[in-house]
$ cat structure_20.txt   # compact mmCIF, C-alpha atoms
# COMPACT_ATOMS: atom_id res chain seq x y z
CA MET A 1 -35.61 -119.37 72.14
CA HIS A 2 -36.84 -115.83 71.99
CA GLN A 3 -35.64 -115.60 68.46
CA GLU A 4 -37.67 -118.64 67.43
CA ARG A 5 -40.82 -117.19 69.00
CA LYS A 6 -40.31 -113.98 67.16
CA ASN A 7 -40.01 -115.87 63.91
CA VAL A 8 -43.25 -117.65 64.64
CA HIS A 9 -44.98 -114.34 65.28
CA SER A 10 -43.61 -113.04 62.08
CA HIS A 11 -44.83 -116.11 60.27
CA VAL A 12 -48.34 -116.09 61.69
CA PHE A 13 -48.94 -112.31 61.65
CA PRO A 14 -46.59 -110.89 59.12
CA PHE A 15 -48.51 -107.60 59.13
CA VAL A 16 -48.18 -107.24 62.90
CA PHE A 17 -44.48 -106.43 62.73
CA GLY A 18 -44.62 -104.40 59.64
CA PRO A 19 -45.50 -100.72 59.60
CA LEU A 20 -49.17 -99.96 59.94
CA PRO A 21 -50.89 -98.17 57.08
CA ALA A 22 -51.20 -94.52 57.65
CA ASP A 23 -54.95 -94.59 57.54
CA HIS A 24 -55.20 -97.66 59.82
CA PRO A 25 -57.55 -96.92 62.68
CA THR A 26 -56.03 -96.74 66.10
CA ARG A 27 -58.55 -99.26 67.23
CA ARG A 28 -56.94 -101.85 65.02
CA GLY A 29 -53.59 -101.18 66.63
CA HIS A 30 -55.28 -101.68 69.96
CA MET A 31 -56.67 -104.99 68.73
CA PHE A 32 -53.24 -106.13 67.73
CA ASN A 33 -51.89 -105.26 71.11
CA SER A 34 -54.67 -107.24 72.67
CA LEU A 35 -53.97 -110.11 70.37
CA LEU A 36 -50.33 -110.06 71.33
CA SER A 37 -51.16 -110.06 75.00
CA ASN A 38 -53.36 -113.12 74.48
CA VAL A 39 -50.72 -114.86 72.45
CA SER A 40 -48.32 -114.38 75.33
CA ARG A 41 -50.63 -116.46 77.44
CA ILE A 42 -50.31 -119.43 75.09
CA PRO A 43 -47.65 -121.61 76.68
CA PHE A 44 -45.60 -122.58 73.69
CA LEU A 45 -45.84 -119.13 72.19
CA SER A 46 -44.99 -117.29 75.41
CA GLY A 47 -42.33 -119.81 76.48
CA LYS A 48 -43.86 -120.18 79.94
CA GLY A 49 -45.11 -123.75 79.64
CA GLY A 50 -43.41 -126.80 78.11
CA SER A 51 -40.90 -126.96 75.39
CA PRO A 52 -41.62 -126.08 71.88
CA THR A 53 -41.42 -129.71 71.09
CA GLU A 54 -44.20 -130.47 73.54
CA SER A 55 -46.32 -127.74 72.30
CA GLN A 56 -45.93 -129.04 68.80
CA ASP A 57 -47.29 -132.36 69.95
CA GLN A 58 -50.50 -130.74 71.18
CA LEU A 59 -51.02 -127.97 68.72
CA SER A 60 -50.92 -127.84 64.99
CA PRO A 61 -47.48 -127.09 63.67
CA PRO A 62 -46.74 -123.47 63.01
CA SER A 63 -46.42 -124.26 59.30
CA SER A 64 -50.10 -125.17 59.27
CA LEU A 65 -50.89 -121.76 60.72
CA SER A 66 -49.20 -120.06 57.84
CA ASP A 67 -52.02 -120.72 55.38
CA GLY A 68 -53.88 -117.88 56.99
CA THR A 69 -57.19 -119.72 57.33
CA GLY A 70 -56.95 -120.17 61.13
CA LYS A 71 -58.57 -123.61 60.94
CA ASP A 72 -55.76 -125.46 62.59
CA VAL A 73 -55.43 -122.83 65.21
CA GLU A 74 -59.11 -123.07 65.91
CA GLU A 75 -58.83 -126.86 66.20
CA GLY A 76 -55.82 -126.46 68.50
CA THR A 77 -57.61 -123.93 70.68
CA VAL A 78 -60.50 -126.30 71.18
CA ASP A 79 -58.11 -128.83 72.54
CA ILE A 80 -55.79 -126.57 74.46
CA ALA A 81 -56.96 -123.17 75.58
CA GLY A 82 -60.66 -122.85 76.10
CA PRO A 83 -62.05 -119.33 76.57
CA ASP A 84 -58.80 -117.56 75.74
CA VAL A 85 -58.56 -119.37 72.49
CA ARG A 86 -62.14 -118.51 71.61
CA GLU A 87 -61.46 -114.92 72.36
CA LEU A 88 -58.42 -115.21 70.25
CA GLN A 89 -60.48 -116.80 67.49
CA ARG A 90 -62.91 -113.95 67.61
CA GLU A 91 -60.13 -111.51 67.38
CA MET A 92 -58.67 -113.54 64.55
CA GLU A 93 -62.02 -113.48 62.74
CA TYR A 94 -62.21 -109.80 63.31
CA LEU A 95 -58.73 -109.38 61.98
CA LYS A 96 -59.52 -111.63 59.01
CA GLY A 97 -62.37 -109.33 58.17
CA TRP A 98 -60.02 -106.43 58.32
CA VAL A 99 -57.52 -108.35 56.22
CA GLU A 100 -60.21 -109.06 53.61
CA MET A 101 -61.28 -105.44 53.69
CA ASP A 102 -57.65 -104.44 53.33
CA GLY A 103 -57.37 -106.83 50.41
CA VAL A 104 -60.39 -105.30 48.72
CA GLU A 105 -59.06 -101.88 49.53
CA MET A 106 -55.68 -102.88 48.18
CA ALA A 107 -57.29 -104.20 45.00
CA ARG A 108 -59.25 -100.99 44.64
CA LEU A 109 -56.13 -98.97 45.28
CA ARG A 110 -54.24 -101.09 42.79
CA GLU A 111 -56.91 -100.43 40.19
CA GLU A 112 -56.89 -96.83 41.09
CA ARG A 113 -53.13 -96.80 40.87
CA GLU A 114 -53.29 -98.50 37.48
CA ALA A 115 -55.84 -95.92 36.36
CA LEU A 116 -53.65 -93.17 37.70
CA ILE A 117 -50.63 -94.67 36.01
CA MET A 118 -52.57 -94.85 32.76
CA ASN A 119 -53.79 -91.36 33.28
CA CYS A 120 -50.27 -90.21 34.03
CA LYS A 121 -49.08 -91.97 30.93
CA HIS A 122 -51.75 -90.30 28.86
CA GLN A 123 -50.94 -86.98 30.47
CA GLY A 124 -47.26 -87.58 29.82
CA ASP A 125 -48.02 -88.39 26.18
CA ARG A 126 -50.18 -85.31 25.95
CA ILE A 127 -47.45 -83.22 27.57
CA ALA A 128 -44.92 -84.62 25.14
CA GLU A 129 -47.30 -83.92 22.29
CA LEU A 130 -47.90 -80.38 23.52
CA GLU A 131 -44.20 -79.83 24.05
CA HIS A 132 -43.63 -80.97 20.49
CA GLU A 133 -46.36 -78.66 19.33
CA VAL A 134 -44.98 -75.82 21.41
CA GLY A 135 -41.56 -76.48 19.92
CA TRP A 136 -43.01 -76.41 16.43
CA VAL A 137 -44.98 -73.25 17.13
CA ARG A 138 -41.95 -71.67 18.72
CA GLY A 139 -39.85 -72.54 15.71
CA SER A 140 -42.51 -71.27 13.36
CA HIS A 141 -42.88 -68.13 15.44
CA GLN A 142 -39.15 -67.57 15.35
CA GLU A 143 -39.18 -67.98 11.58
CA ASP A 144 -42.04 -65.50 11.38
CA VAL A 145 -40.19 -63.09 13.63
CA GLN A 146 -37.05 -63.44 11.53
CA ARG A 147 -39.04 -62.94 8.35
CA GLN A 148 -40.80 -59.89 9.79
CA THR A 149 -37.50 -58.55 11.05
CA GLN A 150 -35.96 -58.91 7.60
CA TYR A 151 -39.02 -57.29 6.02
CA ILE A 152 -38.89 -54.39 8.49
CA ARG A 153 -35.20 -54.02 7.84
CA GLY A 154 -35.84 -53.92 4.12
CA VAL A 155 -38.63 -51.40 4.54
CA GLU A 156 -36.45 -49.24 6.76
CA GLU A 157 -33.70 -49.46 4.17
CA ARG A 158 -36.06 -48.42 1.41
CA LEU A 159 -37.47 -45.65 3.59
CA LYS A 160 -34.00 -44.39 4.31
CA ARG A 161 -33.11 -44.41 0.60
CA THR A 162 -36.39 -42.68 -0.22
CA GLU A 163 -35.81 -40.03 2.43
CA GLU A 164 -32.31 -39.44 1.11
CA LEU A 165 -33.65 -39.20 -2.42
CA LEU A 166 -36.40 -36.86 -1.23
CA ALA A 167 -33.88 -34.67 0.54
CA THR A 168 -31.75 -34.55 -2.60
CA ARG A 169 -34.71 -33.78 -4.82
CA SER A 170 -35.98 -31.17 -2.35
CA ALA A 171 -32.62 -29.48 -2.34
CA GLU A 172 -32.54 -29.54 -6.13
CA LEU A 173 -36.08 -28.26 -6.33
CA SER A 174 -35.48 -25.43 -3.89
CA GLY A 175 -32.43 -24.48 -5.93
CA VAL A 176 -34.36 -24.56 -9.17
CA GLN A 177 -37.48 -22.96 -7.74
CA ALA A 178 -35.81 -19.59 -7.65
CA PHE A 179 -35.52 -19.74 -11.42
CA LEU A 180 -38.88 -21.29 -12.17
CA SER A 181 -40.81 -18.06 -11.99
CA THR A 182 -38.12 -16.00 -13.64
CA THR A 183 -36.77 -18.17 -16.41
CA ASP A 184 -37.73 -16.86 -19.80
CA ARG A 185 -37.69 -18.71 -23.06
CA LEU A 186 -36.87 -15.45 -24.75
CA SER A 187 -34.26 -13.07 -23.45
CA GLU A 188 -34.65 -9.30 -23.27
CA ALA A 189 -32.03 -8.91 -25.96
CA GLU A 190 -34.05 -11.13 -28.30
CA VAL A 191 -37.18 -9.09 -27.58
CA LEU A 192 -35.24 -5.91 -28.25
CA ASN A 193 -34.05 -7.29 -31.57
CA ILE A 194 -37.60 -8.17 -32.59
CA VAL A 195 -38.85 -4.69 -31.71
CA ARG A 196 -35.97 -3.03 -33.54
CA ASP A 197 -36.77 -5.20 -36.52
CA LEU A 198 -40.40 -4.16 -36.20
CA ASN A 199 -39.49 -0.48 -36.07
CA GLU A 200 -37.26 -0.93 -39.09
CA ASN A 201 -40.10 -2.53 -41.03
CA ILE A 202 -42.46 0.25 -39.99
CA TYR A 203 -39.99 2.80 -41.25
CA GLN A 204 -39.49 0.88 -44.47
CA VAL A 205 -43.23 0.74 -45.10
CA ALA A 206 -43.58 4.44 -44.36
CA ALA A 207 -40.59 5.39 -46.49
CA THR A 208 -41.63 3.18 -49.39
CA LEU A 209 -45.17 4.47 -49.40
CA SER A 210 -43.93 8.05 -49.16
CA GLU A 211 -41.44 7.48 -51.95
CA GLU A 212 -44.04 5.91 -54.18
CA TRP A 213 -46.53 8.58 -53.28
CA GLU A 214 -44.04 11.27 -54.38
CA LYS A 215 -43.95 9.66 -57.81
CA LEU A 216 -47.64 10.27 -58.21
CA GLU A 217 -48.72 13.30 -60.17
CA SER A 218 -50.84 16.11 -58.89
CA PRO A 219 -53.65 15.38 -56.51
CA GLN A 220 -56.50 13.56 -58.17
CA ALA A 221 -59.09 14.59 -55.67
CA THR A 222 -59.76 17.26 -53.15
CA ILE A 223 -58.74 16.61 -49.60
CA ARG A 224 -61.56 15.05 -47.69
CA THR A 225 -62.01 16.88 -44.46
CA ASP A 226 -64.68 14.52 -43.16
CA ALA A 227 -62.09 11.89 -42.35
CA ASP A 228 -61.91 10.81 -38.76
CA PRO A 229 -58.25 10.57 -37.93
CA THR A 230 -57.21 8.47 -34.99
CA PRO A 231 -56.55 10.92 -32.16
CA ARG A 232 -53.79 8.89 -30.62
CA SER A 233 -51.70 8.74 -33.75
CA ARG A 234 -52.30 12.03 -35.43
CA VAL A 235 -51.92 15.61 -34.53
CA PRO A 236 -52.81 18.59 -36.70
CA ALA A 237 -49.14 19.45 -37.22
CA LEU A 238 -48.42 16.17 -39.01
CA VAL A 239 -51.69 16.26 -40.88
CA GLN A 240 -50.94 19.75 -42.05
CA LEU A 241 -47.53 18.62 -43.28
CA VAL A 242 -49.16 15.84 -45.18
CA ARG A 243 -51.67 18.15 -46.72
CA ASN A 244 -48.80 20.34 -47.73
CA ARG A 245 -47.37 17.28 -49.49
CA ASP A 246 -44.36 17.12 -47.21
CA PRO A 247 -42.82 13.67 -47.70
CA MET A 248 -41.17 13.75 -44.31
CA GLY A 249 -44.43 14.60 -42.63
CA LEU A 250 -46.06 11.74 -44.49
CA ILE A 251 -43.42 9.34 -43.24
CA PHE A 252 -43.95 10.52 -39.67
CA LEU A 253 -47.67 10.14 -39.96
CA PHE A 254 -47.35 6.66 -41.47
CA GLN A 255 -44.99 5.68 -38.68
CA SER A 256 -47.25 7.11 -36.01
CA CYS A 257 -50.29 5.28 -37.40
CA LEU A 258 -48.44 1.99 -37.69
CA CYS A 259 -46.91 2.29 -34.19
CA CYS A 260 -50.31 2.97 -32.70
CA GLN A 261 -51.75 0.01 -34.58
CA VAL A 262 -49.08 -2.51 -33.57
CA VAL A 263 -49.31 -1.43 -29.94
CA ASP A 264 -53.03 -2.02 -30.03
CA MET A 265 -52.48 -5.42 -31.66
CA THR A 266 -50.11 -6.58 -28.94
CA SER A 267 -52.09 -5.17 -26.07
CA SER A 268 -55.01 -6.91 -24.41
CA TRP A 269 -56.40 -3.70 -23.08
CA ASP A 270 -57.54 -0.48 -24.57
CA HIS A 271 -56.41 2.32 -22.31
CA ASN A 272 -58.78 4.83 -23.74
CA GLN A 273 -59.26 7.33 -20.98
CA GLU A 274 -62.89 7.76 -21.91
CA LEU A 275 -63.65 4.19 -20.81
CA ALA A 276 -63.32 4.79 -17.09
CA ILE A 277 -64.95 1.48 -16.23
CA LEU A 278 -62.28 -0.46 -18.14
CA LYS A 279 -59.58 1.57 -16.47
CA SER A 280 -60.81 0.76 -12.99
CA ILE A 281 -61.18 -2.94 -13.85
CA TYR A 282 -57.70 -2.93 -15.29
CA GLU A 283 -56.21 -1.29 -12.22
CA ARG A 284 -57.81 -3.84 -9.90
CA LEU A 285 -56.58 -6.75 -12.01
CA SER A 286 -53.13 -5.25 -12.20
CA ALA A 287 -52.97 -4.72 -8.44
CA SER A 288 -54.04 -8.31 -7.75
CA GLY A 289 -50.92 -9.65 -9.47
CA GLU A 290 -52.81 -12.73 -10.65
CA TYR A 291 -52.42 -12.13 -14.37
CA HIS A 292 -49.12 -11.73 -16.14
CA THR A 293 -50.65 -10.18 -19.21
CA VAL A 294 -52.10 -7.31 -17.22
CA TYR A 295 -49.68 -4.48 -16.70
CA PRO A 296 -49.91 -0.82 -16.06
CA SER A 297 -49.64 1.25 -19.14
CA ASN A 298 -47.44 4.25 -19.49
CA SER A 299 -49.35 5.51 -22.48
CA MET B 1 -61.47 -6.77 -38.20
CA PRO B 2 -58.38 -8.65 -39.46
CA ARG B 3 -55.14 -7.09 -38.41
CA SER B 4 -53.72 -6.77 -41.88
CA THR B 5 -56.87 -5.01 -43.03
CA SER B 6 -56.68 -2.69 -40.08
CA LEU B 7 -53.09 -1.81 -40.88
CA VAL B 8 -53.85 -1.18 -44.48
CA GLU B 9 -56.86 0.91 -43.52
CA GLN B 10 -54.69 3.09 -41.33
CA LEU B 11 -52.21 3.66 -44.12
CA ALA B 12 -54.94 4.26 -46.64
CA SER B 13 -56.62 6.82 -44.40
CA VAL B 14 -53.31 8.70 -44.13
CA LEU B 15 -53.02 8.71 -47.90
CA ASP B 16 -56.51 10.11 -48.04
CA GLU B 17 -55.16 13.14 -46.20
CA THR B 18 -52.85 13.86 -49.11
CA GLY B 19 -55.74 14.22 -51.59
CA SER B 20 -53.86 12.09 -54.08
CA PHE B 21 -56.55 9.48 -54.37
CA SER B 22 -60.14 9.93 -55.44
CA SER B 23 -61.41 7.12 -53.21
CA THR B 24 -60.36 5.03 -50.28
CA GLN B 25 -60.42 1.98 -52.54
CA GLN B 26 -57.63 3.53 -54.59
CA SER B 27 -55.64 4.20 -51.45
CA PHE B 28 -56.09 0.56 -50.46
CA GLU B 29 -54.90 -0.67 -53.78
CA PHE B 30 -51.91 1.66 -53.64
CA VAL B 31 -50.87 0.42 -50.24
CA GLN B 32 -51.32 -3.20 -51.21
CA ALA B 33 -49.35 -2.76 -54.36
CA VAL B 34 -46.46 -0.94 -52.71
CA ALA B 35 -46.12 -2.37 -49.20
CA SER B 36 -47.90 -5.69 -48.90
CA GLU B 37 -44.73 -7.69 -48.25
CA ARG B 38 -43.52 -5.28 -45.59
CA ILE B 39 -46.93 -5.22 -44.00
CA GLU B 40 -46.83 -9.01 -43.83
CA SER B 41 -43.45 -8.77 -42.12
CA ILE B 42 -44.86 -6.31 -39.64
CA ILE B 43 -47.77 -8.64 -38.87
CA ARG B 44 -45.41 -11.60 -38.38
CA LEU B 45 -43.27 -9.57 -36.00
CA VAL B 46 -46.33 -8.40 -34.10
CA LEU B 47 -47.50 -12.00 -33.71
CA ARG B 48 -44.00 -12.99 -32.59
CA LEU B 49 -44.01 -10.25 -29.97
CA GLU B 50 -47.48 -11.26 -28.81
CA LEU B 51 -46.24 -14.80 -28.22
CA ALA B 52 -43.16 -13.51 -26.44
CA PHE B 53 -45.07 -11.16 -24.17
CA LYS B 54 -47.86 -13.58 -23.25
CA VAL B 55 -46.06 -16.93 -23.18
CA GLU B 56 -42.30 -16.90 -23.42
CA VAL B 57 -41.38 -14.06 -21.10
CA THR B 58 -42.56 -14.95 -17.60
CA SER B 59 -40.14 -13.06 -15.40
CA SER B 60 -41.79 -9.79 -16.20
CA ASP B 61 -44.61 -8.25 -18.13
CA MET B 62 -43.55 -6.56 -21.31
CA SER B 63 -45.50 -4.32 -23.58
CA LEU B 64 -44.94 -2.07 -26.52
CA LEU B 65 -45.01 1.63 -25.71
CA PHE B 66 -46.63 4.29 -27.79
CA GLU B 67 -46.82 7.95 -26.97
CA ALA B 68 -50.00 9.72 -27.88
CA PRO B 69 -49.67 13.01 -29.80
CA ASP B 70 -49.71 16.20 -27.81
CA THR B 71 -48.12 14.45 -24.83
CA VAL B 72 -45.40 16.38 -23.05
CA PHE B 73 -41.99 14.97 -23.79
CA ASP B 74 -40.58 12.83 -20.97
CA ASN B 75 -36.92 12.02 -21.24
CA ALA B 76 -37.35 9.02 -18.95
CA ARG B 77 -39.34 7.03 -21.49
CA MET B 78 -38.94 8.89 -24.77
CA ALA B 79 -36.18 9.63 -27.22
CA ASP B 80 -36.24 12.50 -29.67
CA GLU B 81 -36.06 11.53 -33.32
CA PHE B 82 -33.77 14.42 -34.11
CA GLU B 83 -31.79 14.86 -30.90
CA SER B 84 -28.81 12.65 -30.34
CA ASP B 85 -28.29 14.22 -26.94
CA ASP B 86 -31.43 14.10 -24.84
CA THR B 87 -30.05 16.53 -22.30
CA SER B 88 -30.55 19.40 -24.75
CA ILE B 89 -34.31 19.25 -24.33
CA CYS B 90 -34.41 18.44 -20.66
CA GLY B 91 -36.40 20.83 -18.56
CA LYS B 92 -38.39 22.12 -21.49
CA GLN B 93 -42.03 21.40 -22.08
CA TYR B 94 -42.04 20.10 -25.62
CA ARG B 95 -45.04 18.31 -26.94
CA ILE B 96 -44.71 15.45 -29.28
CA ALA B 97 -46.17 15.34 -32.77
CA GLY B 98 -46.07 11.60 -33.22
CA THR B 99 -44.35 8.34 -32.45
CA THR B 100 -41.88 7.05 -34.97
CA GLU B 101 -40.65 3.96 -33.15
CA VAL B 102 -42.34 1.91 -30.48
CA GLY B 103 -40.62 1.32 -27.18
CA ILE B 104 -40.73 -1.55 -24.70
CA GLY B 105 -42.11 -1.26 -21.21
CA LYS B 106 -41.37 -3.77 -18.49
CA SER B 107 -43.09 -4.36 -15.18
CA ILE B 108 -42.06 -6.81 -12.49
CA SER B 109 -44.45 -8.15 -9.93
CA VAL B 110 -42.69 -9.01 -6.68
CA GLY B 111 -45.70 -10.89 -5.31
CA PRO B 112 -49.45 -11.19 -5.60
CA GLY B 113 -51.18 -7.98 -4.62
CA GLU B 114 -47.98 -5.99 -4.46
CA ILE B 115 -47.30 -2.87 -6.43
CA LEU B 116 -45.63 -3.54 -9.76
CA ARG B 117 -42.24 -2.11 -10.47
CA THR B 118 -42.20 -0.65 -13.93
CA GLY B 119 -39.43 0.40 -16.21
CA VAL B 120 -38.55 1.14 -19.80
CA LEU B 121 -36.47 -1.35 -21.71
CA LEU B 122 -36.51 0.63 -24.94
CA LYS B 123 -37.49 4.26 -25.15
CA THR B 124 -40.18 5.28 -27.55
CA LYS B 125 -38.82 7.44 -30.31
CA VAL B 126 -40.92 10.49 -30.99
CA VAL B 127 -40.91 13.49 -33.20
CA LEU B 128 -41.58 16.76 -31.44
CA GLU B 129 -43.98 19.40 -32.59
CA LYS B 130 -41.15 21.93 -32.66
CA ASP B 131 -39.48 19.90 -35.35
CA VAL B 132 -42.52 19.80 -37.57
CA GLY B 133 -43.44 23.43 -37.40
CA ARG B 134 -44.63 24.16 -33.83
CA GLY B 135 -42.61 25.41 -30.93
CA GLU B 136 -42.41 24.91 -27.17
CA ALA B 137 -45.65 24.30 -25.39

$ encode --input "structure_20.txt" --output "structure tokens"
Amino acid sequence: MHQERKNVHSHVFPFVFGPLPADHPTRRGHMFNSLLSNVSRIPFLSGKGGSPTESQDQLSPPSSLSDGTGKDVEEGTVDIAGPDVRELQREMEYLKGWVEMDGVEMARLREEREALIMNCKHQGDRIAELEHEVGWVRGSHQEDVQRQTQYIRGVEERLKRTEELLATRSAELSGVQAFLSTTDRLSEAEVLNIVRDLNENIYQVAATLSEEWEKLESPQATIRTDADPTPRSRVPALVQLVRNRDPMGLIFLFQSCLCCQVVDMTSSWDHNQELAILKSIYERLSASGEYHTVYPSNS
Amino acid sequence: MPRSTSLVEQLASVLDETGSFSSTQQSFEFVQAVASERIESIIRLVLRLELAFKVEVTSSDMSLLFEAPDTVFDNARMADEFESDDTSICGKQYRIAGTTEVGIGKSISVGPGEILRTGVLLKTKVVLEKDVGRGEA
């Protein structure tokens, strides 16, 4: 019996026994409680008056109540209950309003949910797209990193080879550098040979001239005393020998003149003591060490 | 003045001292006729030495040495034409009459601005006044 009544309640107010929405006002819960207390006063619903069969004879069958309109119930209440039923009707109307509002709210929430679902779908697609893009960028970045790494490795390899080559060349250069400033294209022995050859030629010229001069007959002219002999190459002793027709003295004088001349020809500087200004310039240049062709003279 | 001309002039002026020629032109012609080939050899050797001293020899500065007449003999850089043993004239003040063979001087510069170290690679050969008629100074 109690089980049947419970089923009826469940059939008429399915939302009564279900969980209330979280945002349902407390007042609505209070209204349900009130409604239940009123329902308990209906005889066939509360079980206090008549059998269910009798109640069905006077009221509309419970199946007719299930359409949710409340018409049959309202007709039944007119016949059966009076003021309680009207109060119940009012409460039912009130609840119907809430049900309609809940329906609208549900529809709005459904639309909102659909919109959110669509939005979520779009966001999901976008996330997937971005993940794909991120994956592509990551892959591209990794390729770039690998390429850069290989390039850096190559550059480091080349740098290492270059440094090794530089070290080798530097070592070679430092070894050679010691000879750079001292390597001659002509050895001292070769220079000595040239000078000996030069002295030999000077002697040959002097000897030949003296020999040929001896073949000449007596002097053809008087000795000219106005000649200006070169002081560096001649001294009166040799000149006197020559004037005395001494062949050996003539050879010495020839040699002395030629030696003086070739020294002047190979020298850049005239070390005439009378030119003091040239001497001082020469000494400064020689002391500076900037010019190889400037050297102190022993003459 | 060209070098060859200068050489010939020197020789001709010496010949003028002999009084054998009436003019310098004759002396010139005599020298050219007798010693032109040798003079050319001398000029070639002088040019060769000039190249060697100024270009080819870089480790040191080289120069030909000539001793002026009337200079006191110095055994360190001179050799006597007639003395095989230089020690025989050491310590004596002999003056030279003339140079018969040129020598070679060498100077080495250790660094810029430093004093040069000089030396003699080949002594100048000289004839002393004592050997041509004059004695010790």

$ closest_atom_pairs --input "structure_20.txt" --of "chain B" --to "chain A" --cutoff "7 Å" --atoms "only C-alpha atoms" --output "JSON lines"
{"residue": "B:Leu7", "atom": "CA", "partner": "A:Gln261", "partner_atom": "CA", "distance": 6.7}
{"residue": "B:Gln10", "atom": "CA", "partner": "A:Cys257", "partner_atom": "CA", "distance": 6.3}
{"residue": "B:Leu11", "atom": "CA", "partner": "A:Phe254", "partner_atom": "CA", "distance": 6.3}
{"residue": "B:Val14", "atom": "CA", "partner": "A:Phe254", "partner_atom": "CA", "distance": 6.8}
{"residue": "B:Glu17", "atom": "CA", "partner": "A:Ile223", "partner_atom": "CA", "distance": 6.0}
{"residue": "B:Thr18", "atom": "CA", "partner": "A:Arg243", "partner_atom": "CA", "distance": 5.1}
{"residue": "B:Gly19", "atom": "CA", "partner": "A:Ile223", "partner_atom": "CA", "distance": 4.3}
{"residue": "B:Ser20", "atom": "CA", "partner": "A:Pro219", "partner_atom": "CA", "distance": 4.1}
{"residue": "B:Phe21", "atom": "CA", "partner": "A:Gln220", "partner_atom": "CA", "distance": 5.6}
{"residue": "B:Ser22", "atom": "CA", "partner": "A:Ala221", "partner_atom": "CA", "distance": 4.8}
{"residue": "B:Val34", "atom": "CA", "partner": "A:Leu209", "partner_atom": "CA", "distance": 6.5}
{"residue": "B:Ala35", "atom": "CA", "partner": "A:Val205", "partner_atom": "CA", "distance": 5.9}
{"residue": "B:Arg38", "atom": "CA", "partner": "A:Val205", "partner_atom": "CA", "distance": 6.0}
{"residue": "B:Ile42", "atom": "CA", "partner": "A:Leu198", "partner_atom": "CA", "distance": 6.0}
{"residue": "B:Leu45", "atom": "CA", "partner": "A:Leu198", "partner_atom": "CA", "distance": 6.1}
{"residue": "B:Val46", "atom": "CA", "partner": "A:Val262", "partner_atom": "CA", "distance": 6.5}
{"residue": "B:Glu50", "atom": "CA", "partner": "A:Thr266", "partner_atom": "CA", "distance": 5.4}
{"residue": "B:Ala52", "atom": "CA", "partner": "A:Leu186", "partner_atom": "CA", "distance": 6.8}
{"residue": "B:Lys54", "atom": "CA", "partner": "A:Thr293", "partner_atom": "CA", "distance": 6.0}
{"residue": "B:Glu56", "atom": "CA", "partner": "A:Arg185", "partner_atom": "CA", "distance": 5.0}
{"residue": "B:Val57", "atom": "CA", "partner": "A:Asp184", "partner_atom": "CA", "distance": 4.8}
{"residue": "B:Thr58", "atom": "CA", "partner": "A:Asp184", "partner_atom": "CA", "distance": 5.6}
{"residue": "B:Ser59", "atom": "CA", "partner": "A:Thr182", "partner_atom": "CA", "distance": 4.0}
{"residue": "B:Asp61", "atom": "CA", "partner": "A:His292", "partner_atom": "CA", "distance": 6.0}
{"residue": "B:Leu64", "atom": "CA", "partner": "A:Val263", "partner_atom": "CA", "distance": 5.6}
{"residue": "B:Leu65", "atom": "CA", "partner": "A:Ser299", "partner_atom": "CA", "distance": 6.7}
{"residue": "B:Phe66", "atom": "CA", "partner": "A:Ser299", "partner_atom": "CA", "distance": 6.1}
{"residue": "B:Glu67", "atom": "CA", "partner": "A:Ser299", "partner_atom": "CA", "distance": 5.7}
{"residue": "B:Ala68", "atom": "CA", "partner": "A:Arg232", "partner_atom": "CA", "distance": 4.7}
{"residue": "B:Pro69", "atom": "CA", "partner": "A:Val235", "partner_atom": "CA", "distance": 5.8}
{"residue": "B:Ala97", "atom": "CA", "partner": "A:Val235", "partner_atom": "CA", "distance": 6.0}
{"residue": "B:Gly98", "atom": "CA", "partner": "A:Ser256", "partner_atom": "CA", "distance": 5.4}
{"residue": "B:Thr99", "atom": "CA", "partner": "A:Ser256", "partner_atom": "CA", "distance": 4.8}
{"residue": "B:Thr100", "atom": "CA", "partner": "A:Gln255", "partner_atom": "CA", "distance": 5.0}
{"residue": "B:Glu101", "atom": "CA", "partner": "A:Asn199", "partner_atom": "CA", "distance": 5.4}
{"residue": "B:Val102", "atom": "CA", "partner": "A:Cys259", "partner_atom": "CA", "distance": 5.9}
{"residue": "B:Ser107", "atom": "CA", "partner": "A:Tyr295", "partner_atom": "CA", "distance": 6.8}
{"residue": "B:Ser109", "atom": "CA", "partner": "A:Gly289", "partner_atom": "CA", "distance": 6.7}
{"residue": "B:Gly111", "atom": "CA", "partner": "A:Gly289", "partner_atom": "CA", "distance": 6.8}
{"residue": "B:Pro112", "atom": "CA", "partner": "A:Gly289", "partner_atom": "CA", "distance": 4.4}
{"residue": "B:Gly113", "atom": "CA", "partner": "A:Ser288", "partner_atom": "CA", "distance": 4.3}
{"residue": "B:Glu114", "atom": "CA", "partner": "A:Ala287", "partner_atom": "CA", "distance": 6.5}
{"residue": "B:Ile115", "atom": "CA", "partner": "A:Ala287", "partner_atom": "CA", "distance": 6.3}
{"residue": "B:Glu129", "atom": "CA", "partner": "A:Ala237", "partner_atom": "CA", "distance": 6.9}
{"residue": "B:Val132", "atom": "CA", "partner": "A:Ala237", "partner_atom": "CA", "distance": 6.6}
{"residue": "B:Gly133", "atom": "CA", "partner": "A:Ala237", "partner_atom": "CA", "distance": 7.0}

$ atom_distance --input "structure_20.txt" --atom1 "atom CA of B:Ala79" --atom2 "atom CA of B:Lys125"
4.6 Å

$ axis_aligned_box --input "structure_20.txt" --around "stretch 42-58 of chain B" --padding-each-side "6 Å" --output "JSON"
{"center_x": -44.6, "center_y": -11.6, "center_z": -28.6, "size_x": 18.5, "size_y": 22.6, "size_z": 34.0}

$ atom_distance --input "structure_20.txt" --atom1 "atom CA of B:Ser13" --atom2 "atom CA of B:Glu81"
23.8 Å
